[in-house]
Each structure stands twice: as C-alpha cells, then as structure tokens.
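Undergrad: Quick one: this structure, given as structure tokens, is what I'll be asking you about.
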Amino acid sequence: MKAVWWTRTGPPDVLVPGEAPDPEPGAGQVLIRVALAGISFIETLVRAGRAPRPAVAPPAILGNAVGGTVVAVGEGVDRARVGERVVASMHGSGGYAELAVADAADAIAVPDGVRLADAVALVTDGRTALGLHLRAQPKPGETVLVTAAGGGLGVLLSQLAIAAGARVVATAGSERKLELARRLGAVAAIDYTASDWPRRLAAAAPNGLDLAYDGVGGTVGRTVFDAVAPGGRFVVHGLASGSATDTSEPAKPVTVIGLGELASIASSARELAARALAEGAAGRLRPVVGQTYPLERAAAAHAAIERRETLGKTLLAVSGHAV
C-alpha cells in the first residue's frame, strides 16, 4: 500500500512517500480503506521531535484520525461491519496510509448526512472541544476568549461557547482566520501578532475574561492569563508557541485547568467522539475543513500548518476521496 513514512525527527521533508506492507486486522480489530486522514498540530510537533512523551518513534507512519470504509474484520468482530463508513482514532500512528487497522471499538459509524471530511475533523477535534467545554462550562453572558480561533479546535470551541450564550472574543494570527471567527459569531477578533493586541483585548473585555481557552502558550498565553478576571477559568490545551503558559505566579485567584485534563478527556475519547459526530449530524457542530492535500504531499501540509497558513482543519486525501 501507499503510505508516508516519518523517517527521522526534523523538518517537514522527513515525511517521505513510499510503500508499506498491507496490514491485517487482529482479534477485535477492523481494517479500513482510508479515504481521508486528518492532520493535527501535535503531529507536526511529534515529527519535529518537540512533542512531550510521543507515542511513536521513527521510522513510522504518523496520523491519528482516519475516515473510510471497513474492508475486513478480525476475530470477534461482526462481519456485518464490512462496508461500513467509519472514522477512527489511530492513537498517533498509522493514519497516513491507504489502509489502517483500528480497534473495532474505536471505529465509529459515520451518521447519515455527515460528510466524511467533517466526520474526520470531529472524531479528534470534536471530542477534545466537547471535553474541554464540559469541563469549563461557559455560561450565558460570560466573556470567553478562544486563542488560535481559526484552527480546527478553535472553530469548534467558539461554536460551543456561542451556543451556550457566551460572548466570544477570538484571537488569531491572520486576517483570514479573524474573518472566519467573525463569521462564526465572535464579538471581537484580535490579531495577536499586532503590537497593540493587549490593549485591544482589554477593550473587548473591560471587566476581564470569565474563561479563556489557551492553545498557544508562551507570552501570548501569559497575556491572556493576566486578562482573566478573578474567579475566572483558564484552560490550557496546547502550546503552539513551543512552550506552555506560565501560570505559576497568578496575580489573582484563577482556576487553571491544565494539560493534564486532556488525559481525562482521552479516557472518555470514544464516548466524546460519538457525541461529537451526533452533534455534527444535528448541525450543532460544524467543522471547517480549510484545505485538503494529496497523501504524497503530507510534507507540504505539515509545512503550511507550521507557517500558520492553514484555516480550520487540514486533511489528506488518501484513496477514493469521498464526501
């Protein structure tokens, strides 16, 4: 089968198209002919050797979220699943390939009416967004800031907060992403690369932030943290800047929900992913798939993500690309 190999840690060009043996499903597993594979920012960190505690080492095939059709099943799996349209989490490896083996319990049937591209976006970003939303619980009238609001996860966090009745303030690093945030309903959209962005943030939230979702970290994250009102919540879910936000010396009482919360979300990943797909079928979660690259251009996709050029979710078209 065709695949993209992660040959060593390094820049995007360490992702090399090639061949790999066709995998076979073991007991309790299904074999999926992959149509689409998702790329998340954490995969770029893994590839570059900057991710904490990566689950896989090179040489390997990266890729966490896949969508396609079940073509074979292992012992103990109902053969009626063959032909089923599914999405699955691959737990960090095996997605950038024409065929992928997943635990049958991780392969979730795509609801009727949901595009496969949207389902791939929801199986990972959707479950994370829902998990963070349920933990942070934005309330009507609260002011909620979403960093990296133009990314796949930021789009969904914004939708959930707005649906809860909150005022969403969005930050992003390009006008395209800011315009997307405005279309989704943000009351303010701020370019965090502008020198005056802290002043604009203060103007958008004069009484401070009730809740902030921080996927950036570094100095940006600290500026956001300092803008949270006493008694507010600060949720850390990423470190796109390369370092986590320093919350060790808070100037006021703020509830910090740290990266460790992602572990508890992972423990409920299947249930949250199924719920995210159901929310997508009901039209309440609407992922934005901004760009799709051919499988063999996985390196170009990684480079675009690192340059902050992508909008919403980035996918790879693998085989038999379908909606």
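Ordered as shown in the structure tokens, chains take letters A, B, and onward, while each chain numbers its residues from 1 and ligands are numbered from 1 in the order shown.
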Considering only alpha helix (DSSP H) as DSSP defines it on the backbone, what residues of stretch 83-297 of chain A qualify? List them as a count of residues only.

TA: 76

Undergrad: Just the residues within 10 Å of A:His91, please, counting only C-alpha atoms, with nothing from its chain fewer than 2 positions along; format it as a compact mmCIF listing (two decimals) with N, CA and C atoms, in the first residue's frame.

TA:
# COMPACT_ATOMS: atom_id res chain seq x y z
N ALA A 55 3.99 9.04 21.39
CA ALA A 55 3.61 7.63 21.49
C ALA A 55 4.30 6.77 20.45
N VAL A 56 5.04 7.38 19.53
CA VAL A 56 5.65 6.63 18.44
C VAL A 56 7.01 7.26 18.13
N LEU A 62 2.90 8.29 10.67
CA LEU A 62 2.13 9.13 11.56
C LEU A 62 0.65 9.13 11.17
N GLY A 63 -0.15 9.85 11.94
CA GLY A 63 -1.56 10.02 11.59
C GLY A 63 -2.49 9.46 12.63
N ASN A 64 -3.38 10.29 13.13
CA ASN A 64 -4.26 9.88 14.21
C ASN A 64 -5.68 9.61 13.75
N ALA A 65 -6.30 10.55 13.02
CA ALA A 65 -7.71 10.41 12.63
C ALA A 65 -7.82 9.96 11.17
N ALA A 88 -12.08 6.77 12.68
CA ALA A 88 -11.40 6.11 13.80
C ALA A 88 -10.21 6.92 14.25
N SER A 89 -9.91 6.84 15.53
CA SER A 89 -8.68 7.38 16.08
C SER A 89 -7.63 6.28 16.06
N SER A 93 -0.55 6.88 15.32
CA SER A 93 0.26 6.31 14.24
C SER A 93 -0.60 5.48 13.30
N GLY A 94 -0.18 5.46 12.02
CA GLY A 94 -0.82 4.59 11.04
C GLY A 94 -1.82 5.26 10.13
N GLY A 95 -2.05 6.56 10.28
CA GLY A 95 -3.11 7.21 9.52
C GLY A 95 -2.73 7.65 8.12
N ALA A 102 -7.60 -0.46 13.06
CA ALA A 102 -8.04 0.20 14.29
C ALA A 102 -8.82 -0.79 15.14
N ASP A 106 -12.98 1.62 18.41
CA ASP A 106 -12.56 2.98 18.04
C ASP A 106 -13.09 3.40 16.68
N ALA A 266 -9.06 11.89 27.18
CA ALA A 266 -8.67 10.68 26.44
C ALA A 266 -9.34 9.44 27.00

Undergrad: Which of these residues is nearest to A:Ser248, using only C-alpha atoms: A:Pro11, A:Ala317, A:Arg222, A:Ala205?

TA: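 Closest residue, counting only C-alpha atoms: A:Arg222.
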
Undergrad: For each of A:Ala172, A:Leu285, A:Ala35, A:Val216, take the minimum atom-to-atom distance to A:Leu157, counting only C-alpha atoms, then give the residue where this is smallest.

TA: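 Checking each candidate against A:Leu157, we get A:Leu285 as the closest.
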
Undergrad: Assign secondary structure with DSSP using the backbone only, and return the residues of stretch 192-317 of chain A in strand (DSSP E) as number ranges by chain.

TA: A: 209-214, 228-236, 255-257, 289-294, 313-317

Undergrad: Leaving out stretch 267-269 of chain A and any residue of its chain fewer than 4 positions from it, which residues lie within 8 Å of it when counting only C-alpha atoms, given as an MDAnalysis selection string?

TA: chainID A and resid 127 263 273

Undergrad: Restrict the selected residues to N, CA and C atoms and save them as a JSON list (two decimals), in the first residue's frame.

TA:
[["chain", "number", "residue", "atom", "x", "y", "z"],
["A", 127, "ARG", "N", -14.12, 15.71, 19.78],
["A", 127, "ARG", "CA", -14.12, 15.11, 21.13],
["A", 127, "ARG", "C", -13.35, 15.99, 22.11],
["A", 263, "ALA", "N", -5.77, 14.20, 29.52],
["A", 263, "ALA", "CA", -5.71, 12.77, 29.84],
["A", 263, "ALA", "C", -7.09, 12.25, 30.23],
["A", 273, "ALA", "N", -16.19, 11.21, 21.13],
["A", 273, "ALA", "CA", -16.17, 11.23, 19.66],
["A", 273, "ALA", "C", -17.54, 10.90, 19.09]]

Undergrad: At a cut-off of 12 Å, using only C-alpha atoms, what residues contact A:Val123? Leave out same-chain residues fewer than 3 positions from it and give the result as number ranges by chain.

TA: A: 37-40, 64-67, 86-91, 106-110, 116-120, 126-130, 152-153, 266, 269-280, 285, 287, 313

Undergrad: Excluding stretch 173-189 of chain A and residues on its chain fewer than 3 positions from it, collect all residues at most 7 Å away from it, counting only C-alpha atoms, and give them as a list in words.

TA: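 Answer for this query is Ala149, Gly150, Gln159, Arg167, Val168, Val169, Ala170, Tyr192, Thr193, Ala204 and Leu311 of chain A.
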
Undergrad: Rank nothing, just name the residue among A:Ala136, A:Asp196, A:Gly218, A:Val289 nearest to A:Val256, using only C-alpha atoms.

TA: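 Closest to A:Val256, using only C-alpha atoms: A:Ala136.
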
Undergrad: Contacts of A:Glu142 at 8 Å or less, counting only C-alpha atoms, minus same-chain residues fewer than 2 places along, as a short mmCIF file (atom, residue, chain, number, x, y, z; two decimals) with C-alpha atoms, in the first residue's frame?

TA:
data_model
loop_
_atom_site.label_atom_id
_atom_site.label_comp_id
_atom_site.auth_asym_id
_atom_site.auth_seq_id
_atom_site.Cartn_x
_atom_site.Cartn_y
_atom_site.Cartn_z
CA PRO A 138 -19.14 28.58 29.66
CA LYS A 139 -22.34 30.29 30.79
CA PRO A 140 -24.76 32.77 29.23
CA VAL A 144 -14.88 33.71 26.65
CA GLY A 165 -24.85 32.03 25.26
CA ALA A 166 -21.34 33.35 25.90
CA ARG A 167 -19.66 36.35 24.25
CA LEU A 209 -12.32 37.32 30.85
CA ASP A 210 -14.56 34.80 32.56
CA LEU A 211 -12.98 31.93 30.64
#

Undergrad: Just checking: using only C-alpha atoms, which residue out of A:Ser264, A:Leu145, A:Arg286, A:Ala299 ends up closest to A:Ala48?

TA: A:Ala299

Undergrad: Counting only C-alpha atoms, figure out which residue out of A:Val30, A:Ala51, A:Ile257, A:Ala164 gets nearest to A:Glu84.

TA: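 The shortest atom-to-atom distance to A:Glu84 comes from A:Val30.
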
Undergrad: What does the structure give for the distance between atom CA of A:Asp125 and atom CA of A:Leu156, in Å to one decimal?

TA: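 We find that atom CA of A:Asp125 and atom CA of A:Leu156 lie 7.6 Å from each other.
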
Undergrad: May I have the residues within 9 Å of A:Ser319 as a PyMOL selection string, using only C-alpha atoms and disregarding those fewer than 6 positions away in the same chain?

TA: chain A and resi 33-36+68+97-98+295

Undergrad: Could you take the residues named above and write them with N, CA and C atoms, as a compact mmCIF listing (two decimals), in the first residue's frame?

TA:
# COMPACT_ATOMS: atom_id res chain seq x y z
N ARG A 33 -10.12 0.97 4.61
CA ARG A 33 -9.54 1.59 3.42
C ARG A 33 -9.73 3.09 3.61
N VAL A 34 -8.63 3.78 3.78
CA VAL A 34 -8.66 5.18 4.19
C VAL A 34 -8.93 6.08 2.99
N ALA A 35 -9.94 6.92 3.11
CA ALA A 35 -10.20 7.95 2.11
C ALA A 35 -9.59 9.28 2.51
N LEU A 36 -9.70 9.59 3.79
CA LEU A 36 -9.20 10.86 4.31
C LEU A 36 -8.49 10.63 5.64
N GLY A 68 -12.99 6.30 6.34
CA GLY A 68 -13.05 5.47 5.14
C GLY A 68 -14.06 4.36 5.31
N ALA A 97 -1.79 6.52 5.36
CA ALA A 97 -1.64 5.30 4.56
C ALA A 97 -2.97 4.91 3.94
N GLU A 98 -2.90 4.07 2.91
CA GLU A 98 -4.12 3.66 2.21
C GLU A 98 -4.97 2.70 3.03
N LEU A 295 -2.18 12.64 -0.37
CA LEU A 295 -1.36 11.90 0.60
C LEU A 295 0.12 12.17 0.40
